[in-house]
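Colleague: Sharing data22.txt below, compact mmCIF, N, CA and C atoms and all ligand atoms:
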```txt
# COMPACT_ATOMS: atom_id res chain seq x y z
N MET A 3 -188.26 138.92 40.87
CA MET A 3 -188.25 137.51 40.46
C MET A 3 -186.87 136.90 40.69
N ILE A 4 -186.87 135.68 41.12
CA ILE A 4 -185.58 134.99 41.28
C ILE A 4 -185.59 133.70 40.49
N VAL A 5 -184.39 133.28 40.12
CA VAL A 5 -184.21 132.01 39.43
C VAL A 5 -183.15 131.23 40.21
N GLU A 6 -183.48 130.01 40.57
CA GLU A 6 -182.53 129.14 41.28
C GLU A 6 -182.36 127.86 40.47
N ARG A 7 -181.13 127.39 40.36
CA ARG A 7 -180.86 126.17 39.60
C ARG A 7 -180.21 125.11 40.49
N GLY A 8 -180.55 123.87 40.23
CA GLY A 8 -179.91 122.78 40.96
C GLY A 8 -180.02 121.50 40.14
N SER A 9 -179.51 120.41 40.68
CA SER A 9 -179.66 119.14 39.99
C SER A 9 -179.53 117.99 40.98
N LEU A 10 -180.12 116.88 40.62
CA LEU A 10 -179.99 115.65 41.39
C LEU A 10 -179.30 114.62 40.52
N THR A 11 -178.43 113.82 41.12
CA THR A 11 -177.84 112.68 40.41
C THR A 11 -178.62 111.43 40.81
N ILE A 12 -179.03 110.69 39.80
CA ILE A 12 -179.83 109.49 40.04
C ILE A 12 -179.09 108.30 39.44
N LYS A 13 -178.70 107.37 40.30
CA LYS A 13 -178.02 106.16 39.81
C LYS A 13 -179.06 105.06 39.68
N THR A 14 -179.37 104.68 38.44
CA THR A 14 -180.36 103.63 38.24
C THR A 14 -179.65 102.27 38.23
N THR A 15 -180.39 101.23 38.58
CA THR A 15 -179.76 99.91 38.73
C THR A 15 -180.34 98.84 37.81
N ARG A 16 -181.41 99.19 37.07
CA ARG A 16 -182.03 98.22 36.17
C ARG A 16 -182.32 98.86 34.83
N ARG A 17 -182.64 98.05 33.83
CA ARG A 17 -182.93 98.61 32.51
C ARG A 17 -184.15 99.51 32.57
N PHE A 18 -185.23 99.00 33.16
CA PHE A 18 -186.44 99.80 33.40
C PHE A 18 -186.56 100.02 34.90
N GLU A 19 -186.84 101.24 35.29
CA GLU A 19 -186.97 101.52 36.71
C GLU A 19 -187.81 102.78 36.90
N VAL A 20 -188.67 102.76 37.89
CA VAL A 20 -189.44 103.96 38.26
C VAL A 20 -188.95 104.37 39.64
N ILE A 21 -188.44 105.59 39.76
CA ILE A 21 -187.85 106.07 41.01
C ILE A 21 -188.61 107.30 41.49
N ASP A 22 -189.14 107.20 42.71
CA ASP A 22 -189.87 108.32 43.30
C ASP A 22 -188.87 109.36 43.82
N VAL A 23 -188.80 110.51 43.16
CA VAL A 23 -187.82 111.55 43.53
C VAL A 23 -188.49 112.73 44.25
N THR A 24 -189.75 112.55 44.66
CA THR A 24 -190.50 113.64 45.29
C THR A 24 -189.80 114.20 46.52
N GLN A 25 -189.30 113.29 47.36
CA GLN A 25 -188.66 113.72 48.61
C GLN A 25 -187.43 114.59 48.32
N ASP A 26 -186.58 114.13 47.40
CA ASP A 26 -185.34 114.86 47.10
C ASP A 26 -185.63 116.19 46.43
N VAL A 27 -186.58 116.20 45.49
CA VAL A 27 -186.92 117.45 44.81
C VAL A 27 -187.58 118.41 45.79
N GLY A 28 -188.49 117.89 46.62
CA GLY A 28 -189.17 118.71 47.61
C GLY A 28 -188.19 119.32 48.61
N SER A 29 -187.21 118.54 49.03
CA SER A 29 -186.20 119.05 49.98
C SER A 29 -185.39 120.16 49.34
N TRP A 30 -185.05 120.00 48.06
CA TRP A 30 -184.27 121.04 47.36
C TRP A 30 -185.09 122.33 47.30
N VAL A 31 -186.35 122.23 46.95
CA VAL A 31 -187.21 123.42 46.87
C VAL A 31 -187.30 124.09 48.24
N GLU A 32 -187.52 123.30 49.27
CA GLU A 32 -187.67 123.87 50.61
C GLU A 32 -186.38 124.51 51.11
N SER A 33 -185.23 123.99 50.65
CA SER A 33 -183.94 124.56 51.09
C SER A 33 -183.71 125.95 50.50
N LEU A 34 -184.46 126.31 49.48
CA LEU A 34 -184.27 127.61 48.84
C LEU A 34 -184.82 128.76 49.68
N GLY A 35 -185.80 128.45 50.52
CA GLY A 35 -186.42 129.48 51.32
C GLY A 35 -187.16 130.51 50.48
N VAL A 36 -187.86 130.01 49.46
CA VAL A 36 -188.58 130.90 48.53
C VAL A 36 -190.07 130.95 48.88
N GLY A 37 -190.82 131.72 48.10
CA GLY A 37 -192.26 131.82 48.29
C GLY A 37 -193.01 131.04 47.24
N ASP A 38 -193.66 131.78 46.32
CA ASP A 38 -194.45 131.14 45.28
C ASP A 38 -193.74 131.21 43.93
N GLY A 39 -194.02 130.21 43.10
CA GLY A 39 -193.42 130.19 41.77
C GLY A 39 -193.66 128.87 41.08
N LEU A 40 -192.73 128.54 40.19
CA LEU A 40 -192.83 127.30 39.43
C LEU A 40 -191.52 126.53 39.51
N LEU A 41 -191.64 125.22 39.61
CA LEU A 41 -190.46 124.36 39.61
C LEU A 41 -190.47 123.57 38.31
N LEU A 42 -189.40 123.71 37.54
CA LEU A 42 -189.21 122.90 36.34
C LEU A 42 -188.29 121.75 36.71
N ALA A 43 -188.76 120.52 36.48
CA ALA A 43 -187.92 119.33 36.63
C ALA A 43 -187.65 118.82 35.22
N TYR A 44 -186.38 118.82 34.81
CA TYR A 44 -186.02 118.54 33.42
C TYR A 44 -184.99 117.42 33.34
N VAL A 45 -185.25 116.46 32.46
CA VAL A 45 -184.36 115.32 32.26
C VAL A 45 -183.55 115.56 30.98
N PRO A 46 -182.23 115.81 31.08
CA PRO A 46 -181.43 116.08 29.89
C PRO A 46 -180.93 114.80 29.22
N HIS A 47 -181.85 113.88 29.00
CA HIS A 47 -181.51 112.58 28.41
C HIS A 47 -182.58 112.21 27.39
N THR A 48 -182.23 111.34 26.44
CA THR A 48 -183.20 110.95 25.41
C THR A 48 -183.79 109.56 25.65
N THR A 49 -183.38 108.90 26.76
CA THR A 49 -183.88 107.55 27.01
C THR A 49 -184.41 107.39 28.44
N ALA A 50 -184.73 108.51 29.07
CA ALA A 50 -185.36 108.52 30.39
C ALA A 50 -186.44 109.59 30.35
N ALA A 51 -187.24 109.68 31.42
CA ALA A 51 -188.34 110.64 31.41
C ALA A 51 -188.72 111.01 32.84
N ILE A 52 -189.57 112.01 32.96
CA ILE A 52 -190.08 112.41 34.27
C ILE A 52 -191.59 112.59 34.16
N VAL A 53 -192.33 112.02 35.10
CA VAL A 53 -193.79 112.14 35.08
C VAL A 53 -194.30 112.44 36.49
N VAL A 54 -195.55 112.83 36.57
CA VAL A 54 -196.21 112.99 37.86
C VAL A 54 -197.34 111.96 37.90
N ASN A 55 -197.28 111.09 38.90
CA ASN A 55 -198.37 110.12 39.08
C ASN A 55 -198.25 109.51 40.47
N GLU A 56 -199.04 108.47 40.72
CA GLU A 56 -199.04 107.88 42.05
C GLU A 56 -197.83 106.97 42.23
N GLY A 57 -197.26 106.99 43.41
CA GLY A 57 -196.06 106.18 43.68
C GLY A 57 -196.37 104.84 44.30
N GLU A 58 -197.54 104.32 44.04
CA GLU A 58 -197.93 103.01 44.61
C GLU A 58 -197.05 101.93 43.95
N PRO A 59 -196.40 101.07 44.76
CA PRO A 59 -195.40 100.13 44.22
C PRO A 59 -195.90 99.25 43.08
N ARG A 60 -197.14 98.74 43.17
CA ARG A 60 -197.63 97.87 42.09
C ARG A 60 -197.92 98.68 40.84
N LEU A 61 -198.38 99.93 41.00
CA LEU A 61 -198.57 100.80 39.84
C LEU A 61 -197.23 101.09 39.17
N MET A 62 -196.18 101.24 39.97
CA MET A 62 -194.86 101.51 39.40
C MET A 62 -194.41 100.32 38.55
N GLU A 63 -194.76 99.11 38.95
CA GLU A 63 -194.47 97.92 38.12
C GLU A 63 -195.34 97.93 36.87
N ASP A 64 -196.60 98.36 37.02
CA ASP A 64 -197.51 98.45 35.86
C ASP A 64 -197.00 99.45 34.83
N ILE A 65 -196.43 100.55 35.31
CA ILE A 65 -195.89 101.56 34.39
C ILE A 65 -194.81 100.93 33.51
N ILE A 66 -193.95 100.12 34.13
CA ILE A 66 -192.88 99.46 33.38
C ILE A 66 -193.47 98.47 32.37
N GLN A 67 -194.46 97.68 32.80
CA GLN A 67 -195.09 96.72 31.89
C GLN A 67 -195.77 97.45 30.73
N PHE A 68 -196.44 98.55 31.03
CA PHE A 68 -197.11 99.38 30.03
C PHE A 68 -196.10 99.89 29.00
N LEU A 69 -194.95 100.37 29.49
CA LEU A 69 -193.93 100.89 28.58
C LEU A 69 -193.33 99.78 27.73
N ARG A 70 -193.10 98.61 28.34
CA ARG A 70 -192.59 97.45 27.56
C ARG A 70 -193.58 97.10 26.45
N ASP A 71 -194.87 97.03 26.79
CA ASP A 71 -195.89 96.67 25.80
C ASP A 71 -195.95 97.69 24.67
N LEU A 72 -195.83 98.96 25.05
CA LEU A 72 -195.99 100.05 24.09
C LEU A 72 -194.77 100.22 23.19
N THR A 73 -193.57 100.13 23.76
CA THR A 73 -192.36 100.47 23.01
C THR A 73 -191.60 99.25 22.49
N LYS A 74 -191.99 98.05 22.93
CA LYS A 74 -191.45 96.79 22.40
C LYS A 74 -189.92 96.73 22.32
N PRO A 75 -189.24 96.65 23.47
CA PRO A 75 -187.78 96.49 23.44
C PRO A 75 -187.42 95.25 22.63
N GLY A 76 -186.38 95.33 21.83
CA GLY A 76 -185.94 94.18 21.05
C GLY A 76 -186.67 93.99 19.74
N ALA A 77 -187.66 94.84 19.45
CA ALA A 77 -188.37 94.73 18.17
C ALA A 77 -187.46 95.21 17.04
N GLN A 78 -187.93 95.09 15.83
CA GLN A 78 -187.09 95.40 14.66
C GLN A 78 -187.04 96.91 14.39
N TRP A 79 -186.78 97.71 15.42
CA TRP A 79 -186.62 99.15 15.21
C TRP A 79 -185.30 99.41 14.48
N LYS A 80 -185.30 100.36 13.55
CA LYS A 80 -184.09 100.64 12.76
C LYS A 80 -182.94 101.12 13.64
N HIS A 81 -183.25 101.92 14.67
CA HIS A 81 -182.21 102.44 15.56
C HIS A 81 -181.46 101.31 16.27
N ASN A 82 -182.12 100.16 16.44
CA ASN A 82 -181.48 99.03 17.13
C ASN A 82 -180.32 98.44 16.33
N MET A 83 -180.18 98.82 15.06
CA MET A 83 -179.05 98.35 14.26
C MET A 83 -177.75 99.04 14.70
N ILE A 84 -177.86 100.21 15.35
CA ILE A 84 -176.65 100.92 15.79
C ILE A 84 -176.58 101.11 17.30
N ASP A 85 -177.70 100.99 17.99
CA ASP A 85 -177.76 101.28 19.43
C ASP A 85 -179.05 100.63 19.92
N VAL A 86 -178.92 99.57 20.72
CA VAL A 86 -180.09 98.73 21.02
C VAL A 86 -180.97 99.35 22.10
N ASN A 87 -181.49 100.55 21.81
CA ASN A 87 -182.37 101.19 22.79
C ASN A 87 -183.45 102.06 22.16
N ALA A 88 -183.86 101.68 20.95
CA ALA A 88 -184.92 102.45 20.27
C ALA A 88 -186.15 102.58 21.16
N HIS A 89 -186.49 101.50 21.87
CA HIS A 89 -187.69 101.53 22.73
C HIS A 89 -187.62 102.67 23.74
N ALA A 90 -186.40 102.93 24.26
CA ALA A 90 -186.24 103.95 25.30
C ALA A 90 -186.40 105.35 24.72
N HIS A 91 -185.90 105.56 23.50
CA HIS A 91 -186.10 106.85 22.83
C HIS A 91 -187.60 107.08 22.59
N LEU A 92 -188.29 106.03 22.16
CA LEU A 92 -189.72 106.15 21.88
C LEU A 92 -190.50 106.41 23.17
N GLY A 93 -190.08 105.77 24.25
CA GLY A 93 -190.71 106.01 25.54
C GLY A 93 -190.53 107.44 26.00
N ASN A 94 -189.33 107.99 25.77
CA ASN A 94 -189.06 109.40 26.12
C ASN A 94 -189.98 110.33 25.34
N ILE A 95 -190.20 110.01 24.07
CA ILE A 95 -191.09 110.86 23.25
C ILE A 95 -192.51 110.83 23.79
N ILE A 96 -192.96 109.65 24.20
CA ILE A 96 -194.33 109.52 24.73
C ILE A 96 -194.49 110.22 26.08
N LEU A 97 -193.53 109.99 26.97
CA LEU A 97 -193.66 110.50 28.36
C LEU A 97 -193.22 111.94 28.53
N GLY A 98 -192.20 112.35 27.78
CA GLY A 98 -191.71 113.73 27.90
C GLY A 98 -190.53 113.85 28.83
N ASP A 99 -189.78 114.92 28.66
CA ASP A 99 -188.56 115.10 29.43
C ASP A 99 -188.65 116.20 30.49
N SER A 100 -189.86 116.71 30.73
CA SER A 100 -189.97 117.72 31.79
C SER A 100 -191.37 117.76 32.38
N ARG A 101 -191.43 118.30 33.59
CA ARG A 101 -192.70 118.60 34.25
C ARG A 101 -192.54 119.93 34.97
N VAL A 102 -193.62 120.70 35.03
CA VAL A 102 -193.63 121.96 35.77
C VAL A 102 -194.63 121.81 36.91
N ILE A 103 -194.19 122.12 38.11
CA ILE A 103 -195.03 121.95 39.30
C ILE A 103 -195.11 123.28 40.04
N PRO A 104 -196.30 123.69 40.44
CA PRO A 104 -196.42 124.93 41.21
C PRO A 104 -195.72 124.81 42.56
N VAL A 105 -195.12 125.90 42.98
CA VAL A 105 -194.53 125.99 44.31
C VAL A 105 -195.33 127.03 45.08
N THR A 106 -195.87 126.62 46.22
CA THR A 106 -196.69 127.53 47.02
C THR A 106 -196.13 127.58 48.43
N GLY A 107 -195.84 128.78 48.89
CA GLY A 107 -195.28 128.93 50.24
C GLY A 107 -193.98 128.16 50.41
N GLY A 108 -193.19 128.08 49.35
CA GLY A 108 -191.89 127.42 49.44
C GLY A 108 -191.92 125.92 49.35
N LYS A 109 -193.12 125.35 49.06
CA LYS A 109 -193.23 123.89 48.98
C LYS A 109 -193.87 123.46 47.67
N LEU A 110 -193.53 122.26 47.20
CA LEU A 110 -194.17 121.71 46.01
C LEU A 110 -195.66 121.59 46.28
N SER A 111 -196.46 122.06 45.32
CA SER A 111 -197.90 122.00 45.48
C SER A 111 -198.45 120.82 44.69
N LEU A 112 -198.27 119.62 45.26
CA LEU A 112 -198.74 118.40 44.61
C LEU A 112 -200.04 117.93 45.25
N GLY A 113 -200.86 117.23 44.48
CA GLY A 113 -202.08 116.64 45.00
C GLY A 113 -201.75 115.50 45.95
N THR A 114 -202.74 115.07 46.71
CA THR A 114 -202.54 114.06 47.75
C THR A 114 -201.78 112.83 47.24
N TRP A 115 -202.14 112.34 46.05
CA TRP A 115 -201.55 111.10 45.55
C TRP A 115 -200.48 111.33 44.50
N GLN A 116 -200.20 112.58 44.24
CA GLN A 116 -199.21 112.87 43.20
C GLN A 116 -197.78 112.79 43.71
N ARG A 117 -196.95 112.09 42.94
CA ARG A 117 -195.52 111.99 43.21
C ARG A 117 -194.78 112.29 41.92
N LEU A 118 -193.56 112.75 42.07
CA LEU A 118 -192.70 113.01 40.92
C LEU A 118 -191.88 111.74 40.67
N LEU A 119 -192.11 111.12 39.52
CA LEU A 119 -191.48 109.83 39.24
C LEU A 119 -190.48 109.94 38.08
N PHE A 120 -189.23 109.55 38.35
CA PHE A 120 -188.21 109.48 37.31
C PHE A 120 -188.33 108.10 36.65
N ILE A 121 -188.37 108.10 35.32
CA ILE A 121 -188.55 106.82 34.60
C ILE A 121 -187.28 106.49 33.82
N GLU A 122 -186.59 105.45 34.25
CA GLU A 122 -185.43 104.92 33.51
C GLU A 122 -185.92 103.89 32.49
N MET A 123 -185.42 104.01 31.25
CA MET A 123 -185.83 103.03 30.23
C MET A 123 -184.64 102.37 29.53
N ASP A 124 -183.41 102.78 29.90
CA ASP A 124 -182.21 102.18 29.30
C ASP A 124 -181.07 102.15 30.31
N GLY A 125 -181.37 101.71 31.51
CA GLY A 125 -180.37 101.65 32.56
C GLY A 125 -179.61 100.33 32.52
N PRO A 126 -178.75 100.10 33.50
CA PRO A 126 -178.42 101.07 34.55
C PRO A 126 -177.47 102.16 34.04
N ARG A 127 -177.72 103.37 34.52
CA ARG A 127 -176.91 104.52 34.15
C ARG A 127 -176.90 105.53 35.30
N GLU A 128 -175.97 106.47 35.20
CA GLU A 128 -176.00 107.61 36.11
C GLU A 128 -176.73 108.73 35.38
N ARG A 129 -177.80 109.20 35.97
CA ARG A 129 -178.65 110.20 35.33
C ARG A 129 -178.63 111.52 36.11
N THR A 130 -179.04 112.56 35.40
CA THR A 130 -179.15 113.89 36.03
C THR A 130 -180.59 114.37 35.90
N LEU A 131 -181.09 114.94 36.96
CA LEU A 131 -182.38 115.62 36.92
C LEU A 131 -182.11 117.08 37.21
N GLN A 132 -182.32 117.93 36.21
CA GLN A 132 -182.10 119.37 36.41
C GLN A 132 -183.33 120.01 37.03
N LEU A 133 -183.09 120.94 37.95
CA LEU A 133 -184.18 121.63 38.64
C LEU A 133 -184.00 123.13 38.46
N VAL A 134 -185.07 123.80 38.10
CA VAL A 134 -185.04 125.26 37.98
C VAL A 134 -186.28 125.82 38.67
N PHE A 135 -186.05 126.69 39.65
CA PHE A 135 -187.17 127.40 40.29
C PHE A 135 -187.23 128.81 39.74
N ILE A 136 -188.42 129.22 39.36
CA ILE A 136 -188.63 130.61 38.91
C ILE A 136 -189.79 131.16 39.74
N GLY A 137 -189.55 132.27 40.43
CA GLY A 137 -190.63 132.81 41.24
C GLY A 137 -190.13 133.90 42.15
N GLN A 138 -190.72 133.93 43.34
CA GLN A 138 -190.34 135.00 44.27
C GLN A 138 -190.15 134.45 45.68
ZN ZN A 201 -180.03 105.21 21.13
```
As a first step, turn the structure in this file into structure tokens.

Modeller:
Amino acid sequence: MIVERGSLTIKTTRRFEVIDVTQDVGSWVESLGVGDGLLLAYVPHTTAAIVVNEGEPRLMEDIIQFLRDLTKPGAQWKHNMIDVNAHAHLGNIILGDSRVIPVTGGKLSLGTWQRLLFIEMDGPRERTLQLVFIGQ
């Protein structure tokens, strides 16, 4: 068994943003020259998230609208008295901070329409996406 670690730096430019990182993550996995295993994509932040879904541009706008409706930025959240980003913490709780994707033959094993989407909810910021491959 082998374990490989890496990371991507993601510079977000807006408060809410959906960024398709499939290409960058896939290239990192392929550069390892590995076989089969699992890829963990982990966001070490409390106000961003990582999901797997379709990267269709209008859907990516819908995701942002959905999160705004659900988490209500600017509402009377108690955390907003010290740090005006309670909505982003709540969004992180709903979406989660990691995804595990099978790696088959050295490549991400995603479905036809599946993309790995980084979700910014309190940008703009410089973010990190940690990558861990476990397999053979
Ligand atoms: Zn906060």

Colleague: May I ask you to write as a compact mmCIF listing (two decimals) with N, CA and C atoms, keeping the file's coordinate frame all residues lying at most 6.5 Å from ligand ZN 201 (chain A), with only N, CA and C atoms and all ligand atoms counted?

Modeller:
```
# COMPACT_ATOMS: atom_id res chain seq x y z
N HIS A 81 -183.25 101.92 14.67
CA HIS A 81 -182.21 102.44 15.56
C HIS A 81 -181.46 101.31 16.27
N ASP A 85 -177.70 100.99 17.99
CA ASP A 85 -177.76 101.28 19.43
C ASP A 85 -179.05 100.63 19.92
N VAL A 86 -178.92 99.57 20.72
CA VAL A 86 -180.09 98.73 21.02
C VAL A 86 -180.97 99.35 22.10
N ASN A 87 -181.49 100.55 21.81
CA ASN A 87 -182.37 101.19 22.79
C ASN A 87 -183.45 102.06 22.16
N ALA A 88 -183.86 101.68 20.95
CA ALA A 88 -184.92 102.45 20.27
C ALA A 88 -186.15 102.58 21.16
N HIS A 91 -185.90 105.56 23.50
CA HIS A 91 -186.10 106.85 22.83
C HIS A 91 -187.60 107.08 22.59
```

Colleague: If DSSP is run on the backbone, what residues of region 3-116 of chain A are alpha helix (DSSP H)? A reply as a PyMOL selection string would be ideal.

Modeller: chain A and resi 24-34+59-73+88-97

Colleague: Just the number, please: distance in Å from CA of His89 (chain A) to CA of Thr73 (chain A), one decimal.

Modeller: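 Straight-line distance from CA of His89 (chain A) to CA of Thr73 (chain A) works out to 4.8 Å.
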
Colleague: From the list A:Leu110, A:Ile121, A:Leu131, A:Ile136, which residue is nearest Ala51 (chain A) when using all atoms listed in the file?

Modeller: A:Ile121

Colleague: So, with all atoms listed in the file as the atoms that count, which of A:Lys13, A:Arg101, A:Lys80, A:Arg60 lies closest to Leu42 (chain A)?

Modeller: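 Of all the options, A:Arg101 lies closest to Leu42 (chain A).
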
Colleague: Distance atom N of Arg7 (chain A)-CA of Phe135 (chain A), one decimal place?

Modeller: 6.0 Å

Colleague: Which value, in Å to one decimal, gives the distance between CA of Ser100 (chain A) and CA of Val45 (chain A)?

Modeller: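 Atom-to-atom, CA of Ser100 (chain A) to CA of Val45 (chain A), that is 6.1 Å.
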